[in-house]
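This report refers to the structure that appears directly beneath it.
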Amino acid sequence: MKEYTVIGQRVPRIDGREKVMGQAKYAADYSLPGMLFCKVARLPVAHARILNIDTSKAERLPGVKAVVTAKDFNGWTWGFMANTRDEPPLAMDKVRYYMEAVAGVAAIDEDIAEEACDLIKVDYEELPAVFDPEEAIQEGAPVVHDYRPNNVSVEYHWNFGDVEKAFAESHLVREDRFRTSRATKGYLEPPASLAWYDPAGSITVWAAKQSPYFHYRHLAACFGLPLSKIRVIQPFIGGGFGGTKNDSVAGDFCAVLLSRMTGKPVKFIYTQEEELTVSKRRHSMIVYNKMGMSKDGLITAIQSRVIADGGGYTAVSPLTMYLTGCCTPLPYRLPNYKYDCYRAFTNNPICAAMRGHGVTHTRFACEIQMEMMAEELGIDPVEIRMRNAIDNPKPGEIYRTINDMTLKTCGIKEAIQTLVRDPLWAQKDEAPKQDGSVSYGVGMSATSYLGGARQLGHQSCAATVRICEDGTVNLITGATDCGQGSDTVLAMIAAEELGVRYQDIDFKMVDSAYTPVDPGSYGSRVTVLAGQAVQTAAADAKKQLLDILGREWKVNPGEIEIKNAEVYHKSNPSRRIPFDKLAKIACYSGSGAVIIGKGYSGYGIEPLGFENGRGNAGTSFSFTAQTTRAGVDMETGHVTISDFVIAHDCGRPLNPIGAESQNEGGAVQGMGQAIYEDFIMDRGKTLNPTFLDYKMPRSTDVPNIKVIDIITDDPDGPFGAKEASEGSHVSAPPSVVAAIHDATGIWFKEQPVTAEKIVKGLKEKGKWPR
């Protein structure tokens with residue numbers, strides 16, 4: 001096995017010093033002289049036709065400099081695909097969800113801007129509304145968008161193999177209805193941006209975006225400007241996880257337009273209540289799952305019918321619904337598969353991407369249903385998984401799923417076996433099962449997630465590596481670190497490939513005026529695809545250096561190596577110089593040279609097969625097996641999670657600290673959605689729009705977590721890497737629910753599994769002790 005000097009080391013984060021010393025600047029920290037403040041006026045009704053908007057009182061309020069409404073945007077809308085661009089910056093003809101934005105105000109301070117919003121008078125006609133996705137797609141339901149009279153914003157119908165024949169020949173067939181919760185991202189930094197529309201007709205924004213180049217394109221399209229006139233400067237990002245920070249919001253567009261109207265910089269900061277009330281959240285999905293098995297527990301077929309609550313606009317949901325269906329044939333062999341999905345418009349807030357995008361829903365349904373069937377057949381939960389799990393392909397071989405996804409590495413069997421040997425599982429029968437009213441159980445899951453996600457349009461990442469004459473290195477990419485530590489990993493990749501020290505790499509944050517265009521930070525793609533670009537760029541720079549030194553030493557450049565910032569002749573190691581001397585030789589060679597390496601992600605990225613469901617959703621797939629120990633109070637239904645053990649195949653963990661922390665964070669986030677998190681809705685209104693009422697895991701709720709790396713060294717990832725972030729978010733909910741079942745003897749099919757649901761289930765089964 002190749003030895004690395006930087007890869008695999010537990011290095012400090014490249015942005016750690018700025019963050020711990022409070023020097024990191026986030027979007028809300030930026031200001032400019034003469035800056036105005038933007039607030040957005042919202043209509044407190046879920047579905048209504050707008051008859052008139054009177055802004056005159058707001059405009060007369062002292063301190064107000066400008067007011068904008070939908071008419072000022074000339075009918076422009078945006079969205080994921082050309083035929084789904086249905087979302088306007090401000091509501092035009094009608095509002096489609098509670099508290100949708102109808103106007104924007106710029107004033108000299110936030111209080112005046114907020115007061116002005118209250119003075120805006122909107123005449124409207126309230127319309128019948130629909131809030132349940134199954135009701136929304138029934139004939140006669142209120143129509144949310146006229147261009148989709150059946151309220152189905154996205155639907156796919158895929159059929160692989162012969163599902164009906166497989167069910168007819170199965171020993172056991174089971175049908176169940178599962179439901180996942182409405183969940184939010186939970187980051188502490190709400191949407192914010194400082195915008196400056198300068199007199200020369202250029203836009204500059206400092207915006208909290210995990211995918212800045214999405215916003216860059218939105219602004220160019222909205223304001224009819226060439227992309228060269230749009231500058232997005234990326235501040236530090238206070239968490240992302242998809243949704244709003246992977247998209248644009250009303251405040252983004254209003255701030256820019258208000259800046260153009262006033263000639264002043266304009267800043268907006270959403271309140272956390274606004275974020276939790278109106279910003280994009282995870283889809284709640286109903287999954288009708290049908291699974292067939294042979295007598296010995298082999299899966300013969302799966303049929304999934306998914307109905308998703310999409311809220312008022314389409315957003316990125318064509319990709320959401322694709323991912324929900326395409327990854328069902330992983331991590332188990334599946335010879336027959338049918339998928340029908342309907343993403344419904346409702347008058348609820350918009351739903352979009354969130355960590356574990358799409359895959360969390362159907363993997364939860366399939367994993368729990370498989371265990372339920374194993375229980376009926378009397379097969380051990382480990383054995384049922386091992387019998388169905390995909391084998392790790394031999395080097396040079398490829399495993400192809402029924403829908404043509406390709407795997408070159410798969411560590412799921414090794415991950416399951418690793419958990420079986422771990423004390424949490426191996427000694428579960430020896431641990432106390434009951435302590436007073438608390439019953440204990442241990443559950444398992446085995447799941448998969450994609451890395452290097454693709455979508456439509458621009459997919460390639462790029463990087464440049466510049467060698468400074470003193471031996472330090474500038475690394476420039478268009479990739480965004482939204483808190484996950486990807487800048488650190490990219491710097492490690494550059495250092496390893498060049499052969500220099502990690503601390504000699506200087507990383508530049510995204511500025512669209514200077515950095516290469518990049519698809520963004522989503523779908524666990526940065527390490528895989530931006531990492532490949534960085535590795536290629538570093539190799540290019542290294543080749544230039546070695547070519548110059550080869551001429552200087554009069555040797556073949558291939559005979560020279562760089563390692564630990566030392567340059568030496570391979571067959572005569574005593575002939576060596578430090579890297580900084582090589583940099584000087586190269587930069588001062590001849591009349592002087594500029595050493596810049598360029599790299600692009602070159603993995604073949606074919607378009608997504610939305611219509612037929614065939615092909616790869618990502619460049620590679622991670623595999624995660626997880627065990628959970630839960631204690632359930634059989635009187636109150638309260639659940640305490642004490643332990644997680646996560647065996648994760650991420651190819652190779654490039655930065656062990658980062659891989660571990662991402663697995664830990666993903667698992668805790670998944671745990672929250674399994675037992676705590678859900679928006680409580682009343683006719684489109686969110687009743688728990690604060691972190692006091694929207695229940696998320698606290699630090700005191702975090703269990704003991706052990707992360708075990710399963711090394712498979714994927715041939716396509718930089719230094720063997722695959723995704724190491726979202727897999728545990730997918731594995732946590734079914735593992736937690738399986739543990740609750742082990743403790744109570746009851747299967748729960750709806751998330752979150754709250755105390756109330758547990759007590760109700762215990763009563764129905766006659767197990768409640770009171």
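Residue names in the structure tokens use chain letters A, B, ... in the order shown, residue numbers from 1 in each chain, and ligand numbers from 1 in the order shown.
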
Extract, using only C-alpha atoms, all DNA, RNA and protein residues at most 8 Å from region 237-245 of chain A, discarding same-chain residues fewer than 4 positions from it, and format them as an MDAnalysis selection string. chainID A and resid 26:27 185 187:189 191 208:211 249 279:282 351:355 481:484 522

I'd like the contact shell of Ser202 (chain A) - 10 Å cut-off, only C-alpha atoms, skipping same-chain residues fewer than 6 positions apart - returned as a VMD selection string. chain A and resid 196 220 225 to 231 260

At a cut-off of 12 Å, using only C-alpha atoms, what residues contact Lys2 (chain A)? Leave out same-chain residues fewer than 6 positions from it and give the result as a list in words. Gly8, Asp713, Phe719 and Gly720 of chain A

Written selection (N, CA and C atoms) as an mmCIF file, in the first residue's frame:
data_model
loop_
_atom_site.group_PDB
_atom_site.id
_atom_site.type_symbol
_atom_site.label_atom_id
_atom_site.label_comp_id
_atom_site.auth_asym_id
_atom_site.auth_seq_id
_atom_site.Cartn_x
_atom_site.Cartn_y
_atom_site.Cartn_z
ATOM 1 N N GLY A 8 -4.342 11.285 5.065
ATOM 2 C CA GLY A 8 -4.505 10.391 6.209
ATOM 3 C C GLY A 8 -3.994 10.958 7.514
ATOM 4 N N ASP A 713 -10.481 2.136 -1.252
ATOM 5 C CA ASP A 713 -9.659 2.818 -2.265
ATOM 6 C C ASP A 713 -10.322 2.811 -3.638
ATOM 7 N N PHE A 719 -6.869 9.944 -4.557
ATOM 8 C CA PHE A 719 -6.260 9.118 -3.510
ATOM 9 C C PHE A 719 -7.245 8.107 -2.929
ATOM 10 N N GLY A 720 -8.198 7.657 -3.762
ATOM 11 C CA GLY A 720 -9.122 6.599 -3.371
ATOM 12 C C GLY A 720 -10.364 7.042 -2.648
#

At what distance in Å, to one decimal, does CA of Asp309 (chain A) lie from CA of Tyr337 (chain A)?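 That distance, rounded to one decimal, is 23.3 Å.
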
Report, in Å to a single decimal, how far apart CA of Ser304 (chain A) and CA of Tyr288 (chain A) are.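 According to the coordinates, CA of Tyr288 (chain A) and CA of Ser304 (chain A) are separated by 5.7 Å.
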
Skip region 539-554 of chain A itself and residues of its chain fewer than 2 positions away, then list as number ranges by chain all residues within 9 Å of it, counting only C-alpha atoms. A: 464-467, 494, 497-499, 534-537, 556-562, 582-583, 585-587, 589, 595-599

What are the DSSP strand (DSSP E) residues of region 323-495 of chain A, as a ChimeraX atom specification? /A:337-345,351-352,399-400,406-407,434-435,438-451,462-467,473-477

Atoms kept (C-alpha atoms) for selection, written as an mmCIF file, in the first residue's frame:
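Saved the output as part.cif:
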data_model
loop_
_atom_site.group_PDB
_atom_site.id
_atom_site.type_symbol
_atom_site.label_atom_id
_atom_site.label_comp_id
_atom_site.auth_asym_id
_atom_site.auth_seq_id
_atom_site.Cartn_x
_atom_site.Cartn_y
_atom_site.Cartn_z
ATOM 1 C CA TYR A 337 -37.702 -2.790 -9.449
ATOM 2 C CA LYS A 338 -40.555 -0.382 -10.183
ATOM 3 C CA TYR A 339 -40.760 3.256 -9.123
ATOM 4 C CA ASP A 340 -43.636 5.705 -9.463
ATOM 5 C CA CYS A 341 -43.405 9.125 -7.876
ATOM 6 C CA TYR A 342 -45.593 12.201 -7.654
ATOM 7 C CA ARG A 343 -44.272 15.442 -6.230
ATOM 8 C CA ALA A 344 -47.352 17.481 -5.329
ATOM 9 C CA PHE A 345 -47.794 21.216 -5.228
ATOM 10 C CA CYS A 351 -39.443 21.835 -0.167
ATOM 11 C CA ALA A 352 -36.062 21.232 -1.773
ATOM 12 C CA TYR A 399 -20.979 -4.233 -10.495
ATOM 13 C CA ARG A 400 -23.984 -2.940 -12.416
ATOM 14 C CA THR A 406 -21.980 1.147 -11.709
ATOM 15 C CA LEU A 407 -19.875 0.291 -8.662
ATOM 16 C CA GLN A 434 -34.611 -3.702 31.323
ATOM 17 C CA ASP A 435 -33.872 -1.138 34.008
ATOM 18 C CA VAL A 438 -36.702 1.621 30.597
ATOM 19 C CA SER A 439 -36.325 -1.099 27.984
ATOM 20 C CA TYR A 440 -33.136 -1.278 25.909
ATOM 21 C CA GLY A 441 -32.598 -2.375 22.321
ATOM 22 C CA VAL A 442 -29.925 -2.421 19.644
ATOM 23 C CA GLY A 443 -30.701 -1.915 15.970
ATOM 24 C CA MET A 444 -28.769 -2.086 12.729
ATOM 25 C CA SER A 445 -28.963 -0.556 9.268
ATOM 26 C CA ALA A 446 -27.002 -0.846 6.039
ATOM 27 C CA THR A 447 -27.331 1.928 3.483
ATOM 28 C CA SER A 448 -25.657 3.747 0.626
ATOM 29 C CA TYR A 449 -25.250 7.273 -0.664
ATOM 30 C CA LEU A 450 -23.817 8.837 -3.795
ATOM 31 C CA GLY A 451 -20.735 11.025 -4.059
ATOM 32 C CA ALA A 462 -11.458 23.377 -12.070
ATOM 33 C CA ALA A 463 -8.424 24.377 -10.028
ATOM 34 C CA THR A 464 -5.163 26.282 -10.412
ATOM 35 C CA VAL A 465 -2.014 25.766 -8.377
ATOM 36 C CA ARG A 466 0.528 28.595 -8.443
ATOM 37 C CA ILE A 467 4.044 28.059 -7.167
ATOM 38 C CA VAL A 473 1.660 27.567 -2.948
ATOM 39 C CA ASN A 474 -1.560 29.354 -3.878
ATOM 40 C CA LEU A 475 -4.528 27.039 -4.448
ATOM 41 C CA ILE A 476 -7.580 28.437 -6.234
ATOM 42 C CA THR A 477 -10.813 26.589 -6.969
#

For the helix (DSSP H, G or I) assignment from backbone DSSP, which residues of region 223-341 of chain A qualify? Please present them as a PyMOL selection string. chain A and resi 223+227-229+243-246+250-262+272-278+317-326

Got a sec: who's within 10 Å of region 606-608 of chain A, counting only C-alpha atoms, leaving out chain neighbours fewer than 6 positions off, as a VMD selection string? chain A and resid 319 322 454 to 457 459 614 to 618

Put those residues in a file: C-alpha atoms, as an mmCIF file, in the first residue's frame.
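Here's the written file part-v5.cif:
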data_model
loop_
_atom_site.group_PDB
_atom_site.id
_atom_site.type_symbol
_atom_site.label_atom_id
_atom_site.label_comp_id
_atom_site.auth_asym_id
_atom_site.auth_seq_id
_atom_site.Cartn_x
_atom_site.Cartn_y
_atom_site.Cartn_z
ATOM 1 C CA LEU A 319 -33.462 16.051 -8.932
ATOM 2 C CA TYR A 322 -34.822 11.271 -9.233
ATOM 3 C CA ARG A 454 -24.406 15.394 -10.922
ATOM 4 C CA GLN A 455 -27.387 17.299 -12.215
ATOM 5 C CA LEU A 456 -28.056 19.217 -15.424
ATOM 6 C CA GLY A 457 -25.878 21.832 -17.101
ATOM 7 C CA GLN A 459 -20.683 19.868 -14.059
ATOM 8 C CA ARG A 614 -30.929 4.727 -15.815
ATOM 9 C CA GLY A 615 -27.308 5.655 -15.206
ATOM 10 C CA ASN A 616 -25.162 6.977 -12.408
ATOM 11 C CA ALA A 617 -26.427 9.619 -10.028
ATOM 12 C CA GLY A 618 -22.850 10.184 -8.908
#

Within 8 Å of Asn564 (chain A), counting only C-alpha atoms, which residues show up once you throw out same-chain ones fewer than 6 positions away? Write them as a ChimeraX atom specification, please. /A:5,499-501

Go ahead and write the selection's residues with all heavy atoms as a PDB file, in the first residue's frame.
ATOM      1  N   THR A   5       2.308  11.212   2.933  1.00  0.00           N
ATOM      2  CA  THR A   5       2.886  12.083   3.958  1.00  0.00           C
ATOM      3  C   THR A   5       1.875  13.085   4.506  1.00  0.00           C
ATOM      4  O   THR A   5       2.019  13.550   5.634  1.00  0.00           O
ATOM      5  CB  THR A   5       4.087  12.853   3.385  1.00  0.00           C
ATOM      6  OG1 THR A   5       3.673  13.595   2.232  1.00  0.00           O
ATOM      7  CG2 THR A   5       5.202  11.890   2.984  1.00  0.00           C
ATOM      8  N   GLY A 499       4.026  17.190  -3.115  1.00  0.00           N
ATOM      9  CA  GLY A 499       5.112  16.735  -2.264  1.00  0.00           C
ATOM     10  C   GLY A 499       5.590  17.785  -1.282  1.00  0.00           C
ATOM     11  O   GLY A 499       6.697  17.705  -0.754  1.00  0.00           O
ATOM     12  N   VAL A 500       4.735  18.794  -1.019  1.00  0.00           N
ATOM     13  CA  VAL A 500       5.108  19.859  -0.094  1.00  0.00           C
ATOM     14  C   VAL A 500       4.384  19.672   1.234  1.00  0.00           C
ATOM     15  O   VAL A 500       3.595  18.751   1.415  1.00  0.00           O
ATOM     16  CB  VAL A 500       4.790  21.242  -0.698  1.00  0.00           C
ATOM     17  CG1 VAL A 500       5.532  21.433  -2.016  1.00  0.00           C
ATOM     18  CG2 VAL A 500       3.280  21.430  -0.907  1.00  0.00           C
ATOM     19  N   ARG A 501       4.635  20.582   2.150  1.00  0.00           N
ATOM     20  CA  ARG A 501       3.989  20.527   3.456  1.00  0.00           C
ATOM     21  C   ARG A 501       2.590  21.140   3.372  1.00  0.00           C
ATOM     22  O   ARG A 501       2.368  22.092   2.637  1.00  0.00           O
ATOM     23  CB  ARG A 501       4.823  21.271   4.490  1.00  0.00           C
ATOM     24  CG  ARG A 501       6.220  20.707   4.694  1.00  0.00           C
ATOM     25  CD  ARG A 501       7.032  21.584   5.635  1.00  0.00           C
ATOM     26  NE  ARG A 501       7.129  22.959   5.126  1.00  0.00           N
ATOM     27  CZ  ARG A 501       7.689  23.966   5.800  1.00  0.00           C
ATOM     28  NH1 ARG A 501       8.194  23.745   7.007  1.00  0.00           N
ATOM     29  NH2 ARG A 501       7.738  25.176   5.276  1.00  0.00           N
TER      30      ARG A 501
END

Using only C-alpha atoms, which protein or nucleic acid residues come within 8 Å of region 119-125 of chain A? Drop anything in the same chain fewer than 6 positions from it, and give the result as a ChimeraX atom specification. /A:41,43,48-58
